[in-house]
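J.: Sharing entry_8.txt below, compact mmCIF, C-alpha atoms:
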# COMPACT_ATOMS: atom_id res chain seq x y z
CA MET N 1 -19.73 19.86 25.52
CA PHE N 2 -21.55 16.66 26.47
CA GLU N 3 -24.08 17.35 23.77
CA TYR N 4 -21.42 16.17 21.31
CA PHE N 5 -21.31 12.76 22.87
CA ASN N 6 -24.98 12.05 22.90
CA PRO N 7 -25.75 8.87 20.97
CA TYR N 8 -28.29 10.47 18.68
CA ARG N 9 -25.78 13.03 17.48
CA ILE N 10 -23.04 10.43 17.03
CA PHE N 11 -25.48 8.31 15.04
CA LYS N 12 -26.15 11.17 12.63
CA ILE N 13 -22.48 12.07 12.23
CA ASN N 14 -21.70 8.39 11.65
CA SER N 15 -24.26 8.13 8.90
CA THR N 16 -22.87 11.05 6.90
CA LEU N 17 -19.29 9.91 7.57
CA GLN N 18 -20.17 6.49 6.18
CA LYS N 19 -21.15 7.97 2.83
CA ILE N 20 -17.91 9.97 2.59
CA ILE N 21 -15.78 6.97 3.54
CA LEU N 22 -17.64 4.70 1.13
CA PHE N 23 -16.88 7.13 -1.68
CA CYS N 24 -13.20 7.40 -0.65
CA PHE N 25 -12.95 3.61 -0.30
CA ILE N 26 -14.30 2.93 -3.79
CA SER N 27 -12.04 5.49 -5.44
CA VAL N 28 -8.89 4.45 -3.54
CA LEU N 29 -9.65 0.77 -4.11
CA SER N 30 -10.11 1.22 -7.86
CA VAL N 31 -6.83 3.13 -8.14
CA GLY N 32 -5.13 0.51 -5.96
CA LEU N 33 -6.47 -2.43 -7.95
CA VAL N 34 -5.48 -0.90 -11.29
CA GLU N 35 -1.99 -0.23 -9.89
CA ALA N 36 -1.69 -3.68 -8.34
CA LEU N 37 -3.17 -5.78 -11.12
CA PHE N 38 -2.14 -3.93 -14.30
CA LEU N 39 0.40 -1.15 -13.85
CA SER N 40 2.85 -2.68 -11.38
CA PRO N 41 5.54 -4.95 -12.85
CA GLU N 42 5.78 -8.68 -12.23
CA ASP N 43 8.41 -9.99 -9.87
CA TYR N 44 11.65 -11.36 -11.31
CA LEU N 45 11.17 -14.64 -9.47
CA GLN N 46 7.51 -15.06 -8.54
CA LYS N 47 6.18 -13.61 -11.81
CA ASP N 48 2.52 -12.64 -11.51
CA SER N 49 1.84 -14.33 -8.19
CA VAL N 50 3.51 -11.33 -6.54
CA ARG N 51 0.17 -9.57 -7.04
CA ILE N 52 -1.33 -11.65 -4.25
CA MET N 53 1.00 -9.72 -1.95
CA TYR N 54 -0.98 -6.51 -2.53
CA VAL N 55 -3.94 -8.08 -0.77
CA HIS N 56 -2.11 -10.34 1.66
CA VAL N 57 0.23 -7.82 3.31
CA PRO N 58 -2.29 -4.97 3.84
CA ALA N 59 -4.82 -7.46 5.23
CA ALA N 60 -2.24 -8.79 7.69
CA TRP N 61 -1.19 -5.29 8.76
CA ILE N 62 -4.77 -4.14 9.31
CA SER N 63 -5.68 -7.27 11.26
CA LEU N 64 -2.70 -6.74 13.60
CA GLY N 65 -3.46 -3.04 13.93
CA ILE N 66 -7.09 -3.62 14.81
CA PHE N 67 -6.24 -6.22 17.42
CA SER N 68 -3.70 -3.88 19.04
CA LEU N 69 -6.32 -1.14 19.13
CA ILE N 70 -8.88 -3.50 20.67
CA ALA N 71 -6.32 -4.56 23.29
CA LEU N 72 -5.45 -0.96 24.19
CA LEU N 73 -9.09 0.03 24.56
CA SER N 74 -9.74 -3.15 26.52
CA VAL N 75 -7.11 -2.16 29.09
CA SER N 76 -9.09 0.99 29.66
CA VAL N 77 -12.35 -0.97 29.81
CA PHE N 78 -10.90 -3.36 32.34
CA LEU N 79 -9.38 -0.65 34.55
CA PHE N 80 -11.99 2.09 34.39
CA LYS N 81 -15.12 0.09 33.44
CA ASN N 82 -15.53 2.43 30.53
CA LYS N 83 -18.52 0.94 28.76
CA ASN N 84 -18.41 3.26 25.79
CA PHE N 85 -15.14 1.72 24.69
CA ILE N 86 -16.77 -1.72 24.65
CA LEU N 87 -19.03 -0.52 21.86
CA ILE N 88 -15.95 0.57 19.91
CA THR N 89 -13.98 -2.66 20.41
CA LYS N 90 -17.05 -4.75 19.68
CA SER N 91 -17.54 -2.88 16.40
CA LEU N 92 -13.87 -3.14 15.44
CA ALA N 93 -13.61 -6.90 15.89
CA PRO N 94 -15.54 -8.18 12.82
CA SER N 95 -13.40 -6.40 10.22
CA GLY N 96 -10.26 -7.47 12.09
CA MET N 97 -11.37 -11.07 11.94
CA LEU N 98 -12.24 -10.76 8.26
CA PHE N 99 -8.79 -9.40 7.41
CA THR N 100 -7.04 -12.12 9.42
CA LEU N 101 -8.97 -14.68 7.41
CA ILE N 102 -8.11 -12.91 4.15
CA ALA N 103 -4.42 -12.86 5.11
CA LEU N 104 -4.47 -16.59 5.91
CA VAL N 105 -6.32 -17.57 2.74
CA THR N 106 -4.32 -15.37 0.34
CA GLY N 107 -1.11 -16.53 2.03
CA SER N 108 -2.15 -20.10 1.39
CA ILE N 109 -2.93 -19.37 -2.27
CA TRP N 110 0.46 -17.66 -2.62
CA GLY N 111 2.25 -20.46 -0.80
CA LYS N 112 1.24 -23.18 -3.26
CA PRO N 113 2.99 -21.76 -6.37
CA THR N 114 5.97 -20.28 -4.51
CA TRP N 115 6.81 -22.61 -1.63
CA GLY N 116 5.11 -25.67 -3.03
CA THR N 117 2.67 -26.15 -0.15
CA TRP N 118 -0.68 -24.75 0.91
CA TRP N 119 0.11 -24.76 4.59
CA ALA N 120 3.14 -25.04 6.83
CA TRP N 121 3.16 -25.12 10.61
CA ASP N 122 5.83 -22.49 10.86
CA ALA N 123 5.85 -19.87 13.61
CA ARG N 124 4.45 -16.96 11.57
CA ILE N 125 1.55 -18.89 10.08
CA THR N 126 0.64 -20.67 13.30
CA SER N 127 0.66 -17.45 15.34
CA MET N 128 -1.54 -15.84 12.68
CA LEU N 129 -3.97 -18.75 13.02
CA ILE N 130 -3.97 -18.15 16.79
CA LEU N 131 -4.85 -14.48 16.12
CA PHE N 132 -7.82 -15.67 14.07
CA ILE N 133 -8.97 -17.94 16.90
CA LEU N 134 -8.60 -15.04 19.36
CA TYR N 135 -10.81 -12.87 17.17
CA VAL N 136 -13.43 -15.64 17.01
CA LEU N 137 -13.30 -16.09 20.80
CA TYR N 138 -13.56 -12.34 21.30
CA ILE N 139 -16.64 -12.03 19.12
CA LEU N 140 -18.23 -15.16 20.58
CA THR N 141 -18.02 -13.95 24.21
CA PHE N 142 -20.61 -11.28 23.47
CA ARG N 143 -22.97 -13.97 22.24
CA ILE N 144 -22.26 -16.63 24.85
CA PHE N 145 -22.64 -14.54 28.00
CA GLU N 146 -26.04 -12.98 28.50
CA ASP N 147 -24.85 -10.87 31.40
CA GLN N 148 -23.26 -7.75 29.98
CA ASP N 149 -20.86 -7.11 32.85
CA LYS N 150 -19.55 -10.63 32.54
CA SER N 151 -19.09 -10.49 28.76
CA ASN N 152 -17.35 -7.10 29.02
CA LYS N 153 -14.90 -8.45 31.57
CA ILE N 154 -14.17 -11.72 29.76
CA SER N 155 -13.83 -10.15 26.33
CA SER N 156 -11.41 -7.51 27.55
CA ILE N 157 -9.29 -10.18 29.26
CA ILE N 158 -9.20 -12.16 25.99
CA ALA N 159 -8.07 -9.04 24.14
CA ILE N 160 -5.41 -8.04 26.68
CA VAL N 161 -3.97 -11.53 27.08
CA GLY N 162 -4.22 -12.10 23.32
CA ALA N 163 -2.16 -8.98 22.73
CA ILE N 164 0.90 -11.00 23.80
CA ASN N 165 0.48 -12.79 20.47
CA ILE N 166 1.00 -9.56 18.50
CA PRO N 167 4.77 -9.19 19.09
CA ILE N 168 5.10 -12.95 18.61
CA ILE N 169 3.56 -12.63 15.13
CA LYS N 170 5.68 -9.59 14.32
CA PHE N 171 9.02 -11.02 15.41
CA SER N 172 8.43 -14.73 14.73
CA VAL N 173 10.34 -14.45 11.46
CA ASP N 174 13.35 -12.97 13.26
CA TRP N 175 13.36 -15.18 16.35
CA TRP N 176 13.02 -18.56 14.68
CA ASN N 177 13.71 -20.22 11.35
CA THR N 178 10.46 -19.92 9.47
CA LEU N 179 9.37 -20.74 5.95
CA HIS N 180 7.77 -17.31 5.82
CA GLN N 181 10.19 -14.63 4.63
CA PRO N 182 11.30 -11.86 7.03
CA ALA N 183 9.80 -8.38 6.84
CA SER N 184 10.60 -6.45 3.67
CA ILE N 185 9.62 -3.06 5.03
CA SER N 186 10.99 -1.47 8.16
CA LEU N 187 10.94 2.04 9.52
CA THR N 188 14.69 2.29 9.90
CA GLU N 189 16.05 0.52 6.84
CA GLU N 190 15.53 0.85 3.14
CA SER N 191 12.67 -1.32 1.95
CA ALA N 192 13.47 -4.57 0.15
CA ILE N 193 10.47 -4.04 -2.09
CA HIS N 194 11.14 -2.05 -5.24
CA SER N 195 9.33 1.33 -5.27
CA SER N 196 7.19 0.33 -8.29
CA MET N 197 5.72 -2.43 -6.10
CA LEU N 198 5.66 -0.41 -2.91
CA ILE N 199 3.24 2.21 -4.28
CA PRO N 200 0.32 -0.20 -5.00
CA LEU N 201 1.00 -1.84 -1.64
CA ILE N 202 0.55 1.47 0.18
CA ILE N 203 -2.56 2.39 -1.82
CA MET N 204 -4.12 -0.99 -1.09
CA THR N 205 -3.33 -0.57 2.61
CA ALA N 206 -5.16 2.77 2.56
CA ALA N 207 -8.12 1.15 0.79
CA PHE N 208 -8.32 -1.66 3.36
CA ALA N 209 -8.04 0.81 6.23
CA LEU N 210 -10.95 2.77 4.75
CA PHE N 211 -12.94 -0.43 4.35
CA SER N 212 -12.42 -1.45 7.96
CA SER N 213 -13.41 2.02 9.19
CA LEU N 214 -16.54 1.79 7.06
CA ILE N 215 -17.47 -1.58 8.57
CA PHE N 216 -16.61 -0.18 11.99
CA LEU N 217 -18.96 2.79 11.60
CA MET N 218 -21.81 0.61 10.32
CA LYS N 219 -21.39 -1.82 13.19
CA TYR N 220 -21.11 1.04 15.68
CA ASN N 221 -24.42 2.45 14.54
CA THR N 222 -26.02 -0.98 14.86
CA GLU N 223 -24.74 -1.17 18.43
CA LEU N 224 -26.20 2.28 19.15
CA ILE N 225 -29.58 1.13 17.85
CA LYS N 226 -29.34 -1.95 20.06
CA VAL N 227 -28.65 0.25 23.08
CA LYS N 228 -31.64 2.40 22.22
CA ASN N 229 -33.88 -0.64 21.76
CA LYS N 230 -33.04 -1.72 25.27
CA GLY N 231 -34.63 1.51 26.39
CA LEU N 232 -31.43 3.01 27.71
CA LYS N 233 -30.57 6.62 27.12
CA ARG N 234 -26.91 5.87 27.57
CA LEU N 235 -24.84 2.85 28.52
CA MET H 1 -5.57 10.22 41.61
CA TYR H 2 -7.45 7.04 40.77
CA GLY H 3 -9.68 5.12 43.08
CA LYS H 4 -8.51 2.16 45.13
CA LYS H 5 -10.40 -0.29 42.92
CA VAL H 6 -8.71 0.95 39.76
CA LYS H 7 -5.29 0.53 41.37
CA LEU H 8 -6.22 -2.97 42.48
CA ARG H 9 -7.35 -3.92 38.98
CA LEU H 10 -4.16 -2.46 37.52
CA LEU H 11 -2.08 -4.55 39.91
CA PHE H 12 -4.10 -7.64 39.06
CA LEU H 13 -3.74 -7.06 35.33
CA SER H 14 0.01 -6.40 35.46
CA LEU H 15 0.57 -9.49 37.61
CA ILE H 16 -1.41 -11.68 35.19
CA LEU H 17 0.48 -10.29 32.20
CA VAL H 18 3.90 -10.73 33.79
CA VAL H 19 3.11 -14.32 34.76
CA LEU H 20 1.67 -15.11 31.33
CA ILE H 21 4.52 -13.56 29.37
CA LEU H 22 6.99 -15.48 31.51
CA THR H 23 5.06 -18.72 31.00
CA ILE H 24 4.80 -18.26 27.25
CA TYR H 25 8.48 -17.38 27.07
CA LEU H 26 9.50 -20.50 28.97
CA VAL H 27 7.15 -22.73 26.97
CA LEU H 28 8.43 -21.39 23.65
CA LYS H 29 12.02 -21.64 24.87
CA SER H 30 11.69 -25.26 25.87
CA LEU H 31 9.76 -26.13 22.72
CA GLU H 32 12.20 -24.32 20.49
CA ASP H 33 12.98 -27.51 18.57
CA ASN H 34 9.36 -27.69 17.50
CA VAL H 35 8.88 -23.97 16.90
CA VAL H 36 11.68 -23.68 14.38
CA TYR H 37 10.51 -24.84 10.98
CA PHE H 38 13.86 -26.11 9.78
CA ILE H 39 17.43 -26.53 10.96
CA SER H 40 20.62 -25.61 9.15
CA PRO H 41 23.30 -28.07 7.97
CA THR H 42 25.53 -26.75 10.78
CA GLU H 43 22.90 -27.66 13.35
CA ILE H 44 22.69 -31.15 11.80
CA LYS H 45 26.43 -31.51 12.31
CA GLU H 46 26.04 -30.44 15.92
CA LEU H 47 23.35 -33.06 16.65
CA GLY H 48 24.65 -35.76 18.94
CA GLU H 49 22.75 -38.75 17.57
CA ILE H 50 20.62 -38.91 14.46
CA GLU H 51 17.27 -40.65 14.73
CA TYR H 52 16.97 -42.66 11.55
CA ASN H 53 13.21 -42.98 11.51
CA LYS H 54 12.49 -39.33 12.24
CA LYS H 55 11.79 -36.69 9.64
CA TYR H 56 14.10 -33.71 9.65
CA ARG H 57 13.65 -30.41 7.85
CA VAL H 58 16.88 -28.91 6.64
CA GLY H 59 17.01 -25.42 5.22
CA GLY H 60 19.61 -23.27 3.53
CA MET H 61 20.79 -22.16 0.12
CA VAL H 62 21.04 -24.40 -2.91
CA LYS H 63 24.76 -24.49 -3.67
CA LYS H 64 25.83 -23.13 -7.03
CA ASN H 65 26.39 -25.78 -9.73
CA SER H 66 25.32 -28.55 -7.39
CA ILE H 67 22.01 -29.51 -9.06
CA SER H 68 22.12 -32.67 -11.11
CA MET H 69 19.11 -34.34 -12.60
CA SER H 70 18.57 -37.84 -13.86
CA SER H 71 15.35 -39.24 -15.29
CA ASP H 72 13.65 -39.85 -11.96
CA GLN H 73 15.83 -38.17 -9.41
CA ILE H 74 17.28 -34.80 -8.58
CA SER H 75 20.19 -34.23 -6.27
CA PHE H 76 21.64 -31.02 -4.96
CA THR H 77 23.56 -29.60 -2.03
CA ILE H 78 22.13 -27.39 0.71
CA THR H 79 24.67 -25.04 2.21
CA ASP H 80 24.64 -22.47 4.98
CA PHE H 81 28.12 -21.33 3.91
CA LYS H 82 29.72 -23.19 6.81
CA ASN H 83 28.49 -26.73 6.34
CA GLU H 84 26.77 -28.61 3.57
CA ILE H 85 24.41 -31.50 3.18
CA ASP H 86 23.59 -33.51 0.05
CA VAL H 87 19.94 -34.07 -0.79
CA LYS H 88 18.32 -36.62 -3.07
CA PHE H 89 14.69 -36.28 -4.12
CA SER H 90 12.27 -37.68 -6.63
CA GLY H 91 9.00 -35.88 -7.13
CA ILE H 92 7.62 -32.51 -8.12
CA MET H 93 9.86 -29.55 -7.45
CA PRO H 94 8.35 -26.15 -6.58
CA ASN H 95 8.67 -23.55 -9.35
CA LEU H 96 10.93 -21.26 -7.40
CA PHE H 97 13.56 -23.90 -6.75
CA SER H 98 16.86 -22.77 -8.25
CA GLU H 99 20.55 -22.29 -7.54
CA GLU H 100 21.53 -19.86 -4.83
CA LYS H 101 17.97 -19.61 -3.57
CA GLY H 102 16.52 -20.69 -0.26
CA VAL H 103 15.18 -24.22 0.07
CA VAL H 104 13.74 -26.45 2.78
CA ALA H 105 14.04 -30.22 2.35
CA GLU H 106 12.08 -32.61 4.53
CA GLY H 107 13.01 -36.25 4.84
CA MET H 108 15.10 -38.95 6.51
CA LEU H 109 18.75 -38.47 7.30
CA LYS H 110 20.96 -41.33 6.15
CA ASP H 111 23.93 -39.77 7.84
CA LYS H 112 24.99 -36.25 8.73
CA ASN H 113 25.92 -35.48 5.13
CA PHE H 114 23.03 -37.04 3.28
CA LEU H 115 19.27 -36.51 3.34
CA GLU H 116 16.73 -38.49 1.39
CA ALA H 117 13.97 -35.94 0.94
CA SER H 118 10.29 -36.71 0.65
CA LYS H 119 9.25 -33.09 0.21
CA ILE H 120 10.98 -29.99 -1.12
CA LEU H 121 9.79 -26.48 -0.37
CA ALA H 122 11.24 -23.34 -1.94
CA LYS H 123 11.89 -20.50 0.46
CA HIS H 124 11.33 -17.02 -0.84
CA ASP H 125 13.41 -14.14 0.47
CA GLU H 126 12.22 -10.63 1.35
CA ASN H 127 13.32 -9.03 -1.93
CA TYR H 128 10.70 -8.03 -4.46
CA MET H 129 11.70 -6.36 -7.71
CA PRO H 130 10.85 -6.23 -11.41
CA PRO H 131 13.00 -8.31 -13.81
CA GLU H 132 14.70 -5.22 -15.32
CA VAL H 133 15.92 -4.06 -11.92
CA ARG H 134 17.22 -7.55 -11.24
CA GLU H 135 19.15 -7.49 -14.53
CA ALA H 136 20.59 -4.09 -13.69
CA LEU H 137 21.67 -5.33 -10.27
CA LYS H 138 23.28 -8.41 -11.80
CA GLU H 139 25.34 -6.32 -14.22
CA LYS H 140 26.83 -4.45 -11.31
Turn the structure described in the file into structure tokens.

T.:
Amino acid sequence: MFEYFNPYRIFKINSTLQKIILFCFISVLSVGLVEALFLSPEDYLQKDSVRIMYVHVPAAWISLGIFSLIALLSVSVFLFKNKNFILITKSLAPSGMLFTLIALVTGSIWGKPTWGTWWAWDARITSMLILFILYVLYILTFRIFEDQDKSNKISSIIAIVGAINIPIIKFSVDWWNTLHQPASISLTEESAIHSSMLIPLIIMTAAFALFSSLIFLMKYNTELIKVKNKGLKRL
Amino acid sequence: MYGKKVKLRLLFLSLILVVLILTIYLVLKSLEDNVVYFISPTEIKELGEIEYNKKYRVGGMVKKNSISMSSDQISFTITDFKNEIDVKFSGIMPNLFSEEKGVVAEGMLKDKNFLEASKILAKHDENYMPPEVREALKEK
């Protein structure tokens, strides 16, 4: 049973998995991009700038999802000192940060032609910026603190405390007047996005999810090599 | 089931989270005026005193048939279907600005019914659809 969890085996499984995911990612992304850029119709109001949404919304979803996952695993790290999870959260963080940045930048590019401004200090945008800062802080703690126990503790506290920001981002558009529009898609109600636009959105979300798992696996293998280089058989 | 140390850490973590959530809630509650991006015409009416050298952001719908343009100025009415406020502006309008669509106007209040805007932002709603669907919906 424990044979399955030995780092060498995980490393090998990871490497083959990476190739499969890379293949899936490229095929899903090409389908998604063709759907989003050519096949899907333009919006009645925003015209072609609606296509930015197919990058912006999936990126924002993935960045929130990854942070929630990091926070959940960090609770376990903090309570049970489970060092294996630290490797996972540490490997998840970079793609989460990347997608937060993509969401902020594409939102800004979309905001100029639609709202008439690049940036507005409204609740949704500001809380998203805070998420980005939290990601940066999270990644930096591993570099700042030499002592591993210390960096594990501090990074998991950043993730757990930062998780309070997640519901604030999600519900900011309902709680306060914001320039950002409220959610178009909900689990309980019919979506306010027409199905011809919803399909590319879902495909692009799948593509981004595949991309972040690819980055995660690559980073995880790097972390395993680092552990091995330190001369440790396990953490 | 779990060791004493785990229970202690759990207690510590829950205490920290409860205190932090409470703090953030209170901070956001007391800063609500700054957290909201704009206020509605009704909320303008409910203001006690207007500060004449402060910028306000007023948001709502552009009232139907209220847009009038002259060579260097545009004026329109923002409504939240209870109260209204007239807005005057000269400058570049965002593309999405139109009747019966959301708008946010930033500028100085002359009185509770009149805003001299220095910036106009169009607010987009959560509906996305192709033009043909929009036409079909309109015909209904």

J.: Quote the spacing between CA of Lys153 in chain N and CA of Phe78 in chain N in Å to one decimal place.

T.: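 Those two atoms sit 6.5 Å apart.
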
J.: Excluding Ile120 in chain H and its own-chain neighbours fewer than 4 positions away, which residues fall within 10 Å of it when counting only C-alpha atoms? Please give them as a count of residues only.

T.: 19

J.: When you draw a straight line from CA of Thr79 in chain H to CA of Ala120 in chain N, how long is it in Å?

T.: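 The value is 22.0 Å.
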
J.: Using all atoms listed in the file, give me every residue within 9 Å of (2.5, -16.3, -5.4) in file coordinates, as a ChimeraX atom specification.

T.: /N:46-53,106-107,109-115

J.: Residues within 12 Å of (-11.6, -12.4, 25.1), file coordinates, counting only C-alpha atoms: what are they? Give the list as a ChimeraX atom specification.

T.: /N:67,70-71,74-75,78,86,89-90,93,131,133-145,150-163

J.: Quick one: which residues from chain H are at most 9 Å off chain N, using all atoms listed in the file, as a PDB file with C-alpha atoms, in the frame of the given file?

T.:
ATOM      1  CA  LYS H   5     -10.400  -0.290  42.920  1.00  0.00           C
ATOM      2  CA  VAL H   6      -8.710   0.950  39.760  1.00  0.00           C
ATOM      3  CA  LYS H   7      -5.290   0.530  41.370  1.00  0.00           C
ATOM      4  CA  LEU H   8      -6.220  -2.970  42.480  1.00  0.00           C
ATOM      5  CA  ARG H   9      -7.350  -3.920  38.980  1.00  0.00           C
ATOM      6  CA  LEU H  10      -4.160  -2.460  37.520  1.00  0.00           C
ATOM      7  CA  LEU H  13      -3.740  -7.060  35.330  1.00  0.00           C
ATOM      8  CA  ILE H  16      -1.410 -11.680  35.190  1.00  0.00           C
ATOM      9  CA  LEU H  17       0.480 -10.290  32.200  1.00  0.00           C
ATOM     10  CA  LEU H  20       1.670 -15.110  31.330  1.00  0.00           C
ATOM     11  CA  ILE H  21       4.520 -13.560  29.370  1.00  0.00           C
ATOM     12  CA  ILE H  24       4.800 -18.260  27.250  1.00  0.00           C
ATOM     13  CA  GLU H  32      12.200 -24.320  20.490  1.00  0.00           C
ATOM     14  CA  VAL H  35       8.880 -23.970  16.900  1.00  0.00           C
ATOM     15  CA  VAL H  36      11.680 -23.680  14.380  1.00  0.00           C
ATOM     16  CA  TYR H  37      10.510 -24.840  10.980  1.00  0.00           C
ATOM     17  CA  PHE H  38      13.860 -26.110   9.780  1.00  0.00           C
ATOM     18  CA  ILE H  39      17.430 -26.530  10.960  1.00  0.00           C
ATOM     19  CA  GLY H  59      17.010 -25.420   5.220  1.00  0.00           C
ATOM     20  CA  ILE H  92       7.620 -32.510  -8.120  1.00  0.00           C
ATOM     21  CA  MET H  93       9.860 -29.550  -7.450  1.00  0.00           C
ATOM     22  CA  PRO H  94       8.350 -26.150  -6.580  1.00  0.00           C
ATOM     23  CA  ASN H  95       8.670 -23.550  -9.350  1.00  0.00           C
ATOM     24  CA  LEU H  96      10.930 -21.260  -7.400  1.00  0.00           C
ATOM     25  CA  PHE H  97      13.560 -23.900  -6.750  1.00  0.00           C
ATOM     26  CA  VAL H 103      15.180 -24.220   0.070  1.00  0.00           C
ATOM     27  CA  VAL H 104      13.740 -26.450   2.780  1.00  0.00           C
ATOM     28  CA  ILE H 120      10.980 -29.990  -1.120  1.00  0.00           C
ATOM     29  CA  LEU H 121       9.790 -26.480  -0.370  1.00  0.00           C
ATOM     30  CA  ALA H 122      11.240 -23.340  -1.940  1.00  0.00           C
ATOM     31  CA  LYS H 123      11.890 -20.500   0.460  1.00  0.00           C
ATOM     32  CA  HIS H 124      11.330 -17.020  -0.840  1.00  0.00           C
ATOM     33  CA  ASP H 125      13.410 -14.140   0.470  1.00  0.00           C
ATOM     34  CA  GLU H 126      12.220 -10.630   1.350  1.00  0.00           C
ATOM     35  CA  ASN H 127      13.320  -9.030  -1.930  1.00  0.00           C
ATOM     36  CA  TYR H 128      10.700  -8.030  -4.460  1.00  0.00           C
ATOM     37  CA  MET H 129      11.700  -6.360  -7.710  1.00  0.00           C
ATOM     38  CA  PRO H 130      10.850  -6.230 -11.410  1.00  0.00           C
ATOM     39  CA  PRO H 131      13.000  -8.310 -13.810  1.00  0.00           C
ATOM     40  CA  GLU H 132      14.700  -5.220 -15.320  1.00  0.00           C
ATOM     41  CA  VAL H 133      15.920  -4.060 -11.920  1.00  0.00           C
ATOM     42  CA  ARG H 134      17.220  -7.550 -11.240  1.00  0.00           C
TER      43      ARG H 134
END

J.: Which is closer to Gln73 in chain H than all the others in H:Ser118, H:Ser14, H:Thr23, H:Ser30, using all atoms listed in the file?

T.: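 For Gln73 in chain H, the nearest of the candidates is H:Ser118.
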
J.: Any idea what the distance is between CA of Glu46 in chain H and CA of Leu28 in chain H?

T.: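 Atom-to-atom, CA of Glu46 in chain H to CA of Leu28 in chain H, that is 21.3 Å.
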
J.: Of the residues N:Ser213, N:Phe132, N:Ile20, N:Ser30, which is the one nearest to Leu98 in chain N, using only C-alpha atoms?

T.: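 Closest to Leu98 in chain N, using only C-alpha atoms: N:Phe132.
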
J.: Produce the centre coordinates and the three edge lengths, each in Å to one decimal, of the box along x, y and z that contains all listed atoms of range 111-127 of chain N with 3 Å added on each side, as AutoDock Vina command-line options.

T.:
--center_x 3.1 --center_y -21.6 --center_z 4.5 --size_x 13.5 --size_y 15.2 --size_z 27.7
